[in-house]
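Text of the file data24.cif, holding mmCIF, C-alpha atoms and all ligand atoms:
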data_run
loop_
_atom_site.label_atom_id
_atom_site.label_comp_id
_atom_site.auth_asym_id
_atom_site.auth_seq_id
_atom_site.Cartn_x
_atom_site.Cartn_y
_atom_site.Cartn_z
CA MET A 1 0.00 0.00 0.00
CA ASP A 2 1.26 3.46 -0.86
CA LYS A 3 1.08 5.30 2.49
CA ARG A 4 0.59 8.67 0.87
CA THR A 5 -2.29 7.73 -1.45
CA GLY A 6 -3.72 4.72 0.39
CA LEU A 7 -3.76 2.89 -2.94
CA PRO A 8 -2.22 -0.47 -3.73
CA VAL A 9 1.21 -1.05 -5.25
CA VAL A 10 1.41 -3.56 -8.10
CA GLY A 11 4.87 -4.98 -8.71
CA MET A 12 5.70 -6.10 -12.23
CA VAL A 13 8.61 -8.38 -13.02
CA GLY A 14 10.05 -7.27 -16.34
CA ALA A 15 10.18 -3.76 -17.77
CA GLY A 16 9.46 -4.02 -21.49
CA GLN A 17 6.65 -2.40 -23.43
CA LEU A 18 3.95 -4.38 -21.62
CA ALA A 19 5.05 -2.94 -18.29
CA ARG A 20 5.39 0.49 -19.89
CA MET A 21 1.78 0.41 -21.08
CA THR A 22 0.64 -1.05 -17.74
CA GLN A 23 2.24 1.93 -16.01
CA GLN A 24 0.24 4.21 -18.28
CA ALA A 25 -2.96 2.50 -17.11
CA ALA A 26 -1.84 2.48 -13.46
CA ILE A 27 -1.47 6.27 -13.48
CA ALA A 28 -5.19 6.78 -14.07
CA LEU A 29 -5.96 4.47 -11.16
CA GLY A 30 -3.89 6.68 -8.87
CA GLN A 31 -1.11 4.15 -8.81
CA SER A 32 2.43 3.76 -10.02
CA ILE A 33 3.80 0.28 -10.59
CA ARG A 34 6.97 -1.01 -9.00
CA LEU A 35 9.31 -2.63 -11.49
CA LEU A 36 11.95 -5.32 -11.45
CA ALA A 37 14.01 -4.28 -14.48
CA ASP A 38 17.04 -5.88 -16.10
CA SER A 39 18.46 -2.44 -16.78
CA PRO A 40 17.57 1.19 -15.99
CA ASP A 41 17.24 1.70 -19.77
CA ASP A 42 14.38 -0.78 -20.21
CA GLY A 43 11.33 0.79 -21.87
CA ALA A 44 9.19 0.79 -18.71
CA ALA A 45 12.05 1.73 -16.36
CA LEU A 46 12.38 4.99 -18.30
CA VAL A 47 8.85 6.04 -17.28
CA THR A 48 8.59 4.57 -13.76
CA ALA A 49 9.96 6.04 -10.53
CA ASP A 50 10.04 2.88 -8.42
CA VAL A 51 12.52 0.65 -10.25
CA GLU A 52 14.58 -2.13 -8.75
CA VAL A 53 17.32 -3.33 -11.10
CA GLY A 54 17.83 -7.02 -10.58
CA ASP A 55 17.73 -10.53 -11.94
CA TYR A 56 14.34 -12.24 -12.25
CA ARG A 57 16.17 -15.59 -11.98
CA SER A 58 17.49 -14.72 -8.52
CA LEU A 59 15.21 -15.46 -5.56
CA PRO A 60 16.91 -12.90 -3.27
CA ASP A 61 16.36 -10.22 -5.94
CA LEU A 62 12.71 -11.24 -6.30
CA LEU A 63 12.15 -11.21 -2.52
CA ARG A 64 13.72 -7.78 -2.16
CA PHE A 65 11.64 -6.48 -5.05
CA ALA A 66 8.38 -7.92 -3.65
CA GLU A 67 8.72 -5.99 -0.36
CA GLY A 68 6.06 -3.30 -0.29
CA CYS A 69 4.09 -4.78 -3.22
CA ASP A 70 0.43 -5.66 -2.63
CA VAL A 71 0.61 -8.04 -5.57
CA VAL A 72 3.35 -9.15 -7.92
CA THR A 73 2.58 -9.84 -11.58
CA PHE A 74 4.55 -10.25 -14.80
CA ASP A 75 5.54 -8.58 -18.05
CA HIS A 76 7.07 -11.87 -19.25
CA GLU A 77 6.89 -15.57 -18.51
CA HIS A 78 10.49 -16.33 -17.61
CA VAL A 79 10.49 -16.30 -13.80
CA PRO A 80 11.27 -19.87 -12.64
CA GLY A 81 8.24 -21.61 -11.16
CA GLU A 82 10.12 -22.60 -8.00
CA HIS A 83 10.87 -18.93 -7.31
CA ILE A 84 7.21 -18.01 -7.73
CA ARG A 85 6.31 -20.75 -5.25
CA ALA A 86 8.97 -19.50 -2.84
CA LEU A 87 7.59 -15.96 -3.08
CA ALA A 88 4.08 -17.23 -2.37
CA ALA A 89 5.40 -19.28 0.58
CA ALA A 90 7.00 -16.08 1.92
CA GLY A 91 3.55 -14.47 1.94
CA VAL A 92 3.75 -12.53 -1.34
CA THR A 93 0.58 -12.47 -3.46
CA VAL A 94 1.73 -13.50 -6.94
CA LEU A 95 -0.80 -13.44 -9.78
CA PRO A 96 -1.09 -15.40 -11.94
CA GLY A 97 0.22 -18.07 -9.57
CA ALA A 98 2.83 -20.70 -10.36
CA ASP A 99 0.23 -23.44 -10.89
CA ALA A 100 -1.42 -21.44 -13.67
CA LEU A 101 1.68 -19.83 -15.12
CA MET A 102 3.46 -23.12 -15.76
CA PHE A 103 1.08 -23.73 -18.67
CA ALA A 104 2.28 -20.54 -20.33
CA GLN A 105 5.92 -21.38 -19.54
CA ASN A 106 6.00 -24.93 -20.78
CA LYS A 107 4.38 -25.91 -24.07
CA ALA A 108 4.48 -29.65 -23.35
CA ARG A 109 2.64 -29.19 -20.06
CA MET A 110 0.19 -26.87 -21.76
CA ARG A 111 -0.52 -29.42 -24.51
CA ALA A 112 -0.98 -32.21 -21.97
CA ARG A 113 -3.35 -30.09 -19.86
CA MET A 114 -5.36 -28.95 -22.89
CA ALA A 115 -5.78 -32.61 -23.87
CA GLU A 116 -7.07 -33.41 -20.37
CA LEU A 117 -9.56 -30.57 -20.67
CA ALA A 118 -10.60 -31.85 -24.13
CA VAL A 119 -9.58 -28.52 -25.69
CA PRO A 120 -8.75 -29.07 -29.39
CA GLY A 121 -5.12 -28.65 -30.51
CA PRO A 122 -2.70 -30.05 -33.07
CA ARG A 123 -1.54 -33.62 -32.42
CA TRP A 124 1.84 -33.56 -30.67
CA ILE A 125 4.53 -35.58 -28.93
CA ASP A 126 7.09 -34.62 -26.33
CA LEU A 127 10.64 -35.26 -27.53
CA SER A 128 12.34 -34.10 -24.35
CA ALA A 129 14.10 -36.61 -22.10
CA ALA A 130 11.52 -36.61 -19.31
CA GLY A 131 8.64 -36.64 -21.76
CA ALA A 132 10.01 -39.45 -23.91
CA ALA A 133 10.80 -41.62 -20.90
CA GLY A 134 7.32 -40.93 -19.53
CA ALA A 135 5.74 -41.71 -22.88
CA ALA A 136 7.56 -45.04 -22.98
CA GLY A 137 6.10 -45.78 -19.56
CA GLY A 138 9.51 -46.37 -18.05
CA PRO A 139 11.18 -44.66 -15.14
CA THR A 140 12.06 -41.00 -15.72
CA ASP A 141 15.60 -41.29 -16.96
CA SER A 142 17.51 -38.30 -18.21
CA ARG A 143 19.88 -40.59 -20.17
CA ILE A 144 17.29 -40.87 -22.89
CA ASP A 145 18.13 -43.08 -25.79
CA GLY A 146 18.55 -40.88 -28.86
CA ALA A 147 17.53 -43.73 -31.16
CA GLU A 148 14.22 -43.98 -29.33
CA VAL A 149 13.50 -40.28 -29.83
CA ARG A 150 14.27 -40.56 -33.54
CA ALA A 151 12.05 -43.61 -33.86
CA ALA A 152 9.23 -41.84 -32.02
CA LEU A 153 9.60 -38.83 -34.33
CA ALA A 154 9.60 -41.06 -37.43
CA ARG A 155 6.44 -42.86 -36.23
CA PHE A 156 4.73 -39.57 -35.42
CA GLY A 157 5.64 -38.15 -38.84
CA GLN A 158 4.23 -41.24 -40.48
CA ASP A 159 1.00 -40.97 -38.47
CA VAL A 160 0.24 -37.28 -38.97
CA GLY A 161 2.28 -36.56 -42.14
CA TRP A 162 5.42 -34.52 -42.79
CA PRO A 163 6.39 -31.73 -42.51
CA LEU A 164 6.18 -31.40 -38.74
CA VAL A 165 6.61 -28.35 -36.53
CA LEU A 166 9.27 -28.66 -33.82
CA LYS A 167 9.07 -26.25 -30.92
CA ALA A 168 11.22 -25.32 -27.97
CA ILE A 169 9.20 -26.41 -24.94
CA SER A 170 10.17 -23.23 -23.09
CA GLY A 171 11.41 -19.77 -23.85
CA GLY A 172 10.33 -19.27 -27.49
CA TYR A 173 8.83 -15.99 -28.68
CA ASP A 174 8.07 -14.27 -32.00
CA GLY A 175 8.63 -17.54 -33.85
CA LYS A 176 12.10 -18.00 -32.34
CA GLY A 177 11.93 -21.57 -31.14
CA VAL A 178 9.66 -22.83 -33.97
CA TRP A 179 11.07 -24.92 -36.84
CA VAL A 180 9.39 -26.74 -39.71
CA VAL A 181 11.14 -30.01 -40.56
CA ASP A 182 10.61 -32.41 -43.47
CA SER A 183 12.15 -35.56 -42.04
CA VAL A 184 14.02 -37.02 -39.08
CA ALA A 185 17.27 -36.22 -40.89
CA ASP A 186 16.14 -32.62 -41.29
CA ALA A 187 15.58 -32.47 -37.51
CA GLU A 188 18.96 -34.01 -36.67
CA GLU A 189 20.82 -30.82 -35.87
CA LEU A 190 18.03 -29.61 -33.58
CA LEU A 191 17.79 -32.98 -31.86
CA GLN A 192 21.51 -32.93 -31.22
CA SER A 193 22.09 -29.39 -30.13
CA GLY A 194 18.68 -27.73 -29.80
CA PRO A 195 16.64 -27.07 -26.65
CA PRO A 196 14.15 -29.62 -25.23
CA LEU A 197 11.56 -30.02 -27.98
CA LEU A 198 8.05 -31.10 -28.74
CA ALA A 199 6.82 -32.03 -32.20
CA GLU A 200 3.45 -30.92 -33.55
CA GLU A 201 1.38 -31.78 -36.54
CA LYS A 202 1.60 -28.89 -39.04
CA ALA A 203 -1.87 -27.44 -38.90
CA ASP A 204 -3.63 -26.59 -42.17
CA ILE A 205 -4.12 -22.96 -41.17
CA ASP A 206 -6.63 -20.70 -42.88
CA PHE A 207 -5.94 -17.80 -40.51
CA GLU A 208 -4.97 -17.17 -36.89
CA ILE A 209 -7.04 -15.59 -34.12
CA ALA A 210 -6.62 -14.69 -30.47
CA ALA A 211 -9.23 -14.67 -27.72
CA LEU A 212 -8.27 -12.28 -24.95
CA VAL A 213 -10.02 -12.60 -21.62
CA ALA A 214 -9.49 -11.41 -18.07
CA ARG A 215 -10.38 -13.17 -14.85
CA SER A 216 -10.35 -11.86 -11.28
CA PRO A 217 -9.78 -13.89 -8.09
CA PHE A 218 -13.47 -13.27 -7.31
CA GLY A 219 -14.15 -15.24 -10.48
CA GLN A 220 -15.42 -12.41 -12.65
CA GLY A 221 -14.58 -12.89 -16.32
CA ALA A 222 -14.53 -10.56 -19.32
CA ALA A 223 -13.91 -11.47 -22.96
CA TRP A 224 -12.95 -8.87 -25.56
CA PRO A 225 -14.09 -9.41 -29.16
CA VAL A 226 -11.99 -12.16 -30.77
CA VAL A 227 -9.32 -10.74 -33.10
CA GLU A 228 -7.49 -11.94 -36.18
CA THR A 229 -3.72 -11.94 -35.79
CA VAL A 230 -1.78 -11.63 -39.04
CA GLN A 231 1.63 -13.33 -38.82
CA GLN A 232 4.72 -12.95 -40.98
CA ASP A 233 7.69 -15.25 -40.37
CA GLY A 234 6.29 -16.18 -36.95
CA ILE A 235 5.89 -12.53 -35.87
CA CYS A 236 2.50 -10.94 -35.37
CA THR A 237 2.36 -7.91 -37.65
CA GLU A 238 -1.30 -6.88 -37.47
CA VAL A 239 -4.30 -7.40 -35.23
CA ILE A 240 -7.80 -6.81 -36.56
CA ALA A 241 -10.73 -6.39 -34.18
CA PRO A 242 -13.16 -7.98 -34.51
CA ALA A 243 -11.76 -10.88 -36.59
CA PRO A 244 -13.37 -10.14 -39.96
CA ARG A 245 -13.30 -13.64 -41.45
CA LEU A 246 -14.48 -15.46 -38.35
CA SER A 247 -18.04 -16.75 -38.14
CA ALA A 248 -20.09 -15.65 -35.13
CA GLU A 249 -20.28 -19.29 -34.10
CA LEU A 250 -16.50 -19.82 -34.06
CA ALA A 251 -15.95 -16.45 -32.36
CA ASP A 252 -18.33 -17.48 -29.63
CA ARG A 253 -16.67 -20.86 -29.29
CA ALA A 254 -13.20 -19.30 -29.04
CA SER A 255 -14.38 -16.86 -26.34
CA GLN A 256 -16.07 -19.61 -24.37
CA LEU A 257 -12.99 -21.82 -24.61
CA ALA A 258 -10.73 -18.99 -23.43
CA LEU A 259 -12.97 -18.18 -20.46
CA SER A 260 -13.21 -21.84 -19.59
CA ILE A 261 -9.41 -22.30 -19.83
CA ALA A 262 -8.92 -19.24 -17.57
CA GLY A 263 -11.29 -20.73 -15.01
CA GLN A 264 -9.97 -24.30 -15.19
CA LEU A 265 -6.32 -23.23 -14.89
CA GLY A 266 -7.08 -20.65 -12.20
CA VAL A 267 -5.62 -17.77 -14.22
CA VAL A 268 -5.86 -14.33 -12.62
CA GLY A 269 -5.26 -11.34 -14.87
CA VAL A 270 -5.27 -11.29 -18.65
CA LEU A 271 -5.10 -14.56 -20.59
CA ALA A 272 -4.54 -14.62 -24.34
CA VAL A 273 -5.41 -17.84 -26.12
CA GLU A 274 -3.97 -18.06 -29.64
CA PHE A 275 -5.88 -20.30 -32.03
CA PHE A 276 -5.49 -21.58 -35.56
CA VAL A 277 -8.62 -21.59 -37.69
CA THR A 278 -8.11 -24.53 -40.04
CA ARG A 279 -9.22 -24.72 -43.66
CA SER A 280 -11.83 -27.26 -42.63
CA GLY A 281 -13.30 -24.71 -40.21
CA GLY A 282 -11.88 -26.16 -36.99
CA LEU A 283 -10.34 -24.34 -34.03
CA LEU A 284 -7.01 -25.48 -32.58
CA VAL A 285 -5.33 -23.91 -29.57
CA ASN A 286 -1.77 -22.83 -30.41
CA GLU A 287 -0.56 -21.26 -27.19
CA LEU A 288 -1.41 -19.41 -23.99
CA ALA A 289 -0.03 -16.16 -22.57
CA MET A 290 -0.94 -15.07 -19.05
CA ARG A 291 -0.27 -11.34 -19.15
CA PRO A 292 -1.21 -8.42 -21.37
CA HIS A 293 -0.49 -9.58 -24.90
CA ASN A 294 0.39 -8.13 -28.29
CA SER A 295 -3.02 -9.25 -29.59
CA GLY A 296 -4.61 -6.84 -27.08
CA HIS A 297 -2.74 -3.60 -27.75
CA TRP A 298 -5.68 -2.42 -29.86
CA THR A 299 -7.76 -2.21 -26.66
CA ILE A 300 -5.96 0.99 -25.55
CA GLU A 301 -8.05 3.05 -27.95
CA GLY A 302 -10.37 0.34 -29.25
CA SER A 303 -12.06 -0.78 -26.06
CA ARG A 304 -13.67 1.04 -23.13
CA THR A 305 -11.19 -0.82 -20.91
CA SER A 306 -7.69 -1.57 -22.12
CA GLN A 307 -6.06 -4.91 -21.42
CA PHE A 308 -3.51 -3.10 -19.23
CA GLU A 309 -6.14 -1.51 -16.99
CA GLN A 310 -8.06 -4.79 -16.91
CA HIS A 311 -4.95 -6.72 -15.88
CA LEU A 312 -4.46 -4.31 -12.97
CA ARG A 313 -8.13 -4.51 -12.00
CA ALA A 314 -8.01 -8.30 -12.12
CA VAL A 315 -4.85 -8.83 -10.07
CA LEU A 316 -6.14 -6.31 -7.48
CA ASP A 317 -9.54 -8.07 -7.43
CA TYR A 318 -11.29 -4.86 -8.47
CA PRO A 319 -14.47 -5.31 -10.55
CA LEU A 320 -13.59 -5.60 -14.25
CA GLY A 321 -14.30 -2.78 -16.71
CA SER A 322 -16.51 -2.73 -19.80
CA ILE A 323 -14.96 -4.41 -22.83
CA ALA A 324 -17.24 -2.64 -25.33
CA GLN A 325 -15.47 -1.83 -28.60
CA THR A 326 -15.24 1.90 -29.36
CA ALA A 327 -15.38 1.66 -33.19
CA PRO A 328 -16.70 -0.97 -35.62
CA VAL A 329 -13.17 -1.75 -36.88
CA VAL A 330 -9.92 -1.39 -34.96
CA VAL A 331 -6.55 -2.35 -36.46
CA MET A 332 -3.25 -2.43 -34.62
CA ALA A 333 -0.03 -2.78 -36.62
CA ASN A 334 3.31 -3.55 -35.03
CA VAL A 335 6.26 -1.39 -35.96
CA LEU A 336 9.44 -3.41 -36.40
CA GLY A 337 12.77 -1.67 -36.46
CA GLY A 338 14.09 -1.11 -39.99
CA PRO A 339 17.62 -0.58 -41.32
CA ALA A 340 19.85 1.63 -39.19
CA ASP A 341 20.17 4.22 -41.99
CA THR A 342 16.40 4.70 -42.38
CA THR A 343 15.53 8.23 -43.48
CA PRO A 344 13.99 10.58 -42.62
CA ALA A 345 14.92 10.38 -38.93
CA LEU A 346 12.37 8.89 -36.53
CA ASP A 347 11.31 12.22 -35.08
CA GLU A 348 10.60 13.48 -38.57
CA ARG A 349 8.68 10.33 -39.48
CA VAL A 350 6.52 10.80 -36.38
CA HIS A 351 5.96 14.39 -37.40
CA HIS A 352 4.92 13.47 -40.95
CA LEU A 353 2.66 10.71 -39.78
CA MET A 354 0.85 12.93 -37.31
CA ALA A 355 0.35 15.53 -40.01
CA ARG A 356 -0.96 13.01 -42.51
CA TRP A 357 -3.29 11.05 -40.26
CA PRO A 358 -4.28 12.88 -37.10
CA ASP A 359 -6.50 9.95 -36.12
CA VAL A 360 -3.77 7.27 -36.16
CA LYS A 361 -2.43 6.70 -32.67
CA ILE A 362 1.29 6.06 -32.21
CA HIS A 363 2.80 4.11 -29.32
CA LEU A 364 6.59 4.19 -29.16
CA TYR A 365 8.18 1.90 -26.60
CA GLY A 366 11.30 3.90 -25.76
CA LYS A 367 13.45 1.18 -27.36
CA GLU A 368 16.34 1.48 -29.72
CA PHE A 369 15.22 0.76 -33.32
CA ARG A 370 16.97 -2.48 -34.32
CA PRO A 371 16.07 -4.46 -37.44
CA GLY A 372 13.12 -6.80 -36.79
CA ARG A 373 12.63 -5.72 -33.16
CA LYS A 374 9.14 -4.68 -31.99
CA VAL A 375 9.72 -1.02 -31.18
CA ALA A 376 6.27 0.56 -31.46
CA HIS A 377 2.73 0.02 -32.64
CA VAL A 378 0.05 2.12 -34.28
CA THR A 379 -3.71 1.88 -33.99
CA ALA A 380 -6.34 3.02 -36.48
CA LEU A 381 -10.10 3.00 -35.91
CA GLY A 382 -13.08 3.46 -38.21
CA ASP A 383 -15.97 1.88 -40.09
CA ASP A 384 -14.33 0.50 -43.21
CA LEU A 385 -12.06 -2.51 -42.83
CA GLU A 386 -9.96 -1.96 -45.96
CA LEU A 387 -9.44 1.73 -45.25
CA VAL A 388 -8.59 1.29 -41.57
CA ARG A 389 -6.30 -1.64 -42.26
CA GLY A 390 -4.52 0.11 -45.12
CA ARG A 391 -3.94 3.15 -42.94
CA ALA A 392 -2.55 1.15 -40.01
CA ARG A 393 -0.28 -0.87 -42.32
CA ALA A 394 1.04 2.16 -44.17
CA ALA A 395 1.60 4.08 -40.93
CA ALA A 396 3.54 1.18 -39.39
CA ASP A 397 5.65 0.69 -42.54
CA TYR A 398 6.43 4.38 -42.67
CA LEU A 399 7.53 4.50 -39.03
CA SER A 400 9.52 1.33 -39.50
CA ARG A 401 11.30 1.95 -42.78
CA GLY A 402 10.43 5.42 -43.96
CA ASP A 403 8.52 3.64 -46.73
CA ARG A 404 6.14 6.19 -48.19
CA ALA A 405 4.54 3.73 -50.61
CA GLY A 406 1.27 3.53 -48.71
CA VAL A 407 1.25 7.10 -47.44
CA PRO A 408 -0.69 9.29 -49.86
CA ASP A 409 0.00 13.01 -50.01
CA HIS A 410 -3.65 13.80 -49.46
CA ASP A 411 -6.21 11.69 -47.70
P1 LIG B 501 5.96 -18.27 -30.38
O1 LIG B 501 5.89 -18.79 -28.99
O2 LIG B 501 7.35 -18.01 -30.87
O3 LIG B 501 5.00 -17.15 -30.66
P2 LIG B 501 4.11 -20.06 -31.68
O4 LIG B 501 3.90 -21.38 -31.08
O5 LIG B 501 3.03 -19.04 -31.46
O6 LIG B 501 5.54 -19.50 -31.27
O7 LIG B 501 4.32 -20.22 -33.24
C1 LIG B 501 4.63 -19.11 -34.09
C2 LIG B 501 3.91 -19.28 -35.43
O8 LIG B 501 4.33 -20.49 -36.06
C3 LIG B 501 2.40 -19.40 -35.27
O9 LIG B 501 1.78 -18.15 -35.18
C4 LIG B 501 2.04 -20.14 -36.55
O10 LIG B 501 1.98 -19.26 -37.65
C5 LIG B 501 3.24 -21.08 -36.75
N1 LIG B 501 2.94 -22.40 -36.12
C6 LIG B 501 3.15 -22.74 -34.83
N2 LIG B 501 2.72 -24.00 -34.58
C7 LIG B 501 2.23 -24.47 -35.73
C8 LIG B 501 1.62 -25.70 -36.12
N3 LIG B 501 1.46 -26.73 -35.26
N4 LIG B 501 1.18 -25.82 -37.39
C9 LIG B 501 1.35 -24.80 -38.29
N5 LIG B 501 1.92 -23.64 -37.98
C10 LIG B 501 2.35 -23.44 -36.73
#

Translate this structure into structure tokens?
Amino acid sequence: MDKRTGLPVVGMVGAGQLARMTQQAAIALGQSIRLLADSPDDGAALVTADVEVGDYRSLPDLLRFAEGCDVVTFDHEHVPGEHIRALAAAGVTVLPGADALMFAQNKARMRARMAELAVPGPRWIDLSAAGAAGAAGGPTDSRIDGAEVRAALARFGQDVGWPLVLKAISGGYDGKGVWVVDSVADAEELLQSGPPLLAEEKADIDFEIAALVARSPFGQGAAWPVVETVQQDGICTEVIAPAPRLSAELADRASQLALSIAGQLGVVGVLAVEFFVTRSGGLLVNELAMRPHNSGHWTIEGSRTSQFEQHLRAVLDYPLGSIAQTAPVVVMANVLGGPADTTPALDERVHHLMARWPDVKIHLYGKEFRPGRKVAHVTALGDDLELVRGRARAAADYLSRGDRAGVPDHD
């Protein structure tokens, strides 16, 4: 509790753009978040007064950071589960808790739990040592026989058809940690020197969607309209709300599934469930994120309650806010860093963009522009999908690369 204001203090582990935008929401609630940052230059550390610089993998650092926090939550999923349990045992309220968060940290556990809950997903097998030994029914033995793993992969490929998708069980993001392989031989290098892996059937994807929901400890739930997420090379480049190609029936099913997953896993805060919509019209869960998510950035302007405010409300067990959409079409486009010699300079690009499209909202993350890195996003709102989408895309490309192709002189 902040003695001066009498309002709660939310601690956030990690100080990237998610924490930065959470701080923005906290301000309106009379709060200021407390951060555990890797560096004082992190995007959120630059805009937050109460910053502890430390290592999220160190329990002493986490314990020191948690002092004075009413609740501790996360900007990323990398805090070791045993540390989260130790914090909870020391009396710290950590939300989401370790029992929920492990399904966002470990794709094999997530897949196994989704199967138990009869939630549809791609067929998969665990190729990691513990998983393979478990699958063989034998004792858990870390000296897993490599030949067995290769045989299991060959059988799986035969059953579901090549190519397969191999994934790092933990730690992947933005498509880093996802590989498509055509054969066991093609997977050899990864099997030998890659991280612990699972293999998945390559889904016949028509398009990808995300269902974003929030859940409070009281059990209140809120589901934003389901969005389409446009991916390029494993990176989300655009989010369209509501998902224009999705039938009302599938949208409803995705929302219900996400709310049910949040309840069954005991998630508190924001949960994003990424789905594939297959060409045969099926829904498959791809992955879970238990924090504000890139697929929800559009809610800052596009919803009465942003995902960042809702996450704070949820972890503080405040009643949740309205998720009504503020315009018929909302499109968020990510801005990836372009070449270092991009011209005109960023400040000038911002200037031009503001002049051209006063209604496009720019969110810069306070990060250095590096090629391919998510450094900002833009949001456009309106009635006409093609127009709004074109504007968001062109604005993002212009900020990213100074590419004027989509930026007309007159609108
Ligand atoms: P990350 O954790 O890096 O975001 P994801 O598991 O979301 O990784 O995968 C990134 C992208 O790779 C997905 O958005 C999708 O386009 C593609 N992908 C992942 N799994 C599969 C799959 N089983 N079948 C087909 N494509 C997949």

6 Å from ligand LIG 501 (chain B) is the threshold here; counting all atoms listed in the file, which polymer residues fall inside it? Answer as a list in words.
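Using all atoms listed in the file, everything at most 6 Å from ligand LIG 501 (chain B) comes to Pro122, Val165, Gly172, Tyr173, Asp174, Gly175, Lys176, Gly177, Val178, Glu200, Glu201, Lys202, Ala203, Gly234, Asn286 and Glu287 of chain A.
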
Could you list, as a compact mmCIF listing (two decimals) with C-alpha atoms, in the frame of the given file, every residue within 7 Å of Phe74 of chain A, counting all atoms listed in the file and ignoring same-chain residues fewer than 3 positions away?
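What landed in out_12.txt:
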# COMPACT_ATOMS: atom_id res chain seq x y z
CA MET A 12 5.70 -6.10 -12.23
CA VAL A 13 8.61 -8.38 -13.02
CA GLY A 14 10.05 -7.27 -16.34
CA GLU A 77 6.89 -15.57 -18.51
CA ARG A 291 -0.27 -11.34 -19.15

Which is closest to Ala152 of chain A among A:Arg64, A:Leu29, A:Trp124, A:His78, if we use only C-alpha atoms?
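Result for the nearest residue to Ala152 of chain A: A:Trp124.
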
Between atom CA of Leu166 of chain A and atom CA of Asp99 of chain A, what distance in Å does the model show, to one decimal?
25.2 Å

Between atom CA of Tyr56 of chain A and atom CA of Leu320 of chain A, distance in Å (one decimal)
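It comes out at 28.8 Å.
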
Shell of 12 Å around Leu35 of chain A, only C-alpha atoms, local chain residues under 3 positions omitted, as a PyMOL selection string:
chain A and resi 9-16+18-20+22-23+32+38-40+42-56+61-62+64-69+71-75

What's the separation between atom CA of Pro244 of chain A and atom CA of Pro120 of chain A, in Å to one decimal place?
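According to the coordinates, atom CA of Pro244 of chain A and atom CA of Pro120 of chain A are separated by 22.2 Å.
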
Considering only C-alpha atoms, can you say which of A:Ala345, A:Val149, A:Val277, A:Ile323 comes closest to Asp206 of chain A?
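Checking each candidate against Asp206 of chain A, we get A:Val277 as the closest.
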
Contact residues around Arg349 of chain A with only C-alpha atoms at 8 Å, ignoring same-chain residues under 3 positions, as a VMD selection string
chain A and resid 344 to 346 352 to 353 398 to 399 402

Shell of 9 Å around Leu198 of chain A, all atoms listed in the file, local chain residues under 3 positions omitted, as number ranges by chain
A: 107-108, 124-128, 131, 165-169

Using only C-alpha atoms for the distances, tell me which of A:Glu238, A:Glu249, A:Asp341, A:Asp186 is nearest to Arg150 of chain A.
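The shortest atom-to-atom distance to Arg150 of chain A comes from A:Asp186.
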
Could you build a table of the residues in segment 95-196 of chain A lying no more than 12 Å from segment 215-223 of chain A, giving for each the nearest pair of atoms and their separation in Å rounded to one decimal place, using only C-alpha atoms, ordered by chain and ascending residue number, as a tab-separated table?
residue	atom	partner	partner_atom	distance
A:Leu95	CA	A:Pro217	CA	9.1
A:Pro96	CA	A:Pro217	CA	9.6
A:Gly97	CA	A:Pro217	CA	10.9

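Using all atoms listed in the file, the smallest distance between any of A:Val335, A:Val375, A:Ile240, A:Met110 and Val273 of chain A comes from A:Met110.
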
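Proximity ranking of A:Ala243, A:Ala199, A:Leu190, A:Leu271 relative to Leu164 of chain A places A:Ala199 first, based on all atoms listed in the file.
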
Using all atoms listed in the file, collect all residues at a distance of at most 8 Å from (-5.0, -15.9, -18.1) as written in the file, then present them as a PyMOL selection string.
chain A and resi 96+100+213-215+261-262+266-272+288-291

Using only C-alpha atoms, find the one residue out of A:Asp204, A:Ala118, A:Arg401, A:Ala185 that sits nearest to Ala151 of chain A.
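Closest residue, counting only C-alpha atoms: A:Ala185.
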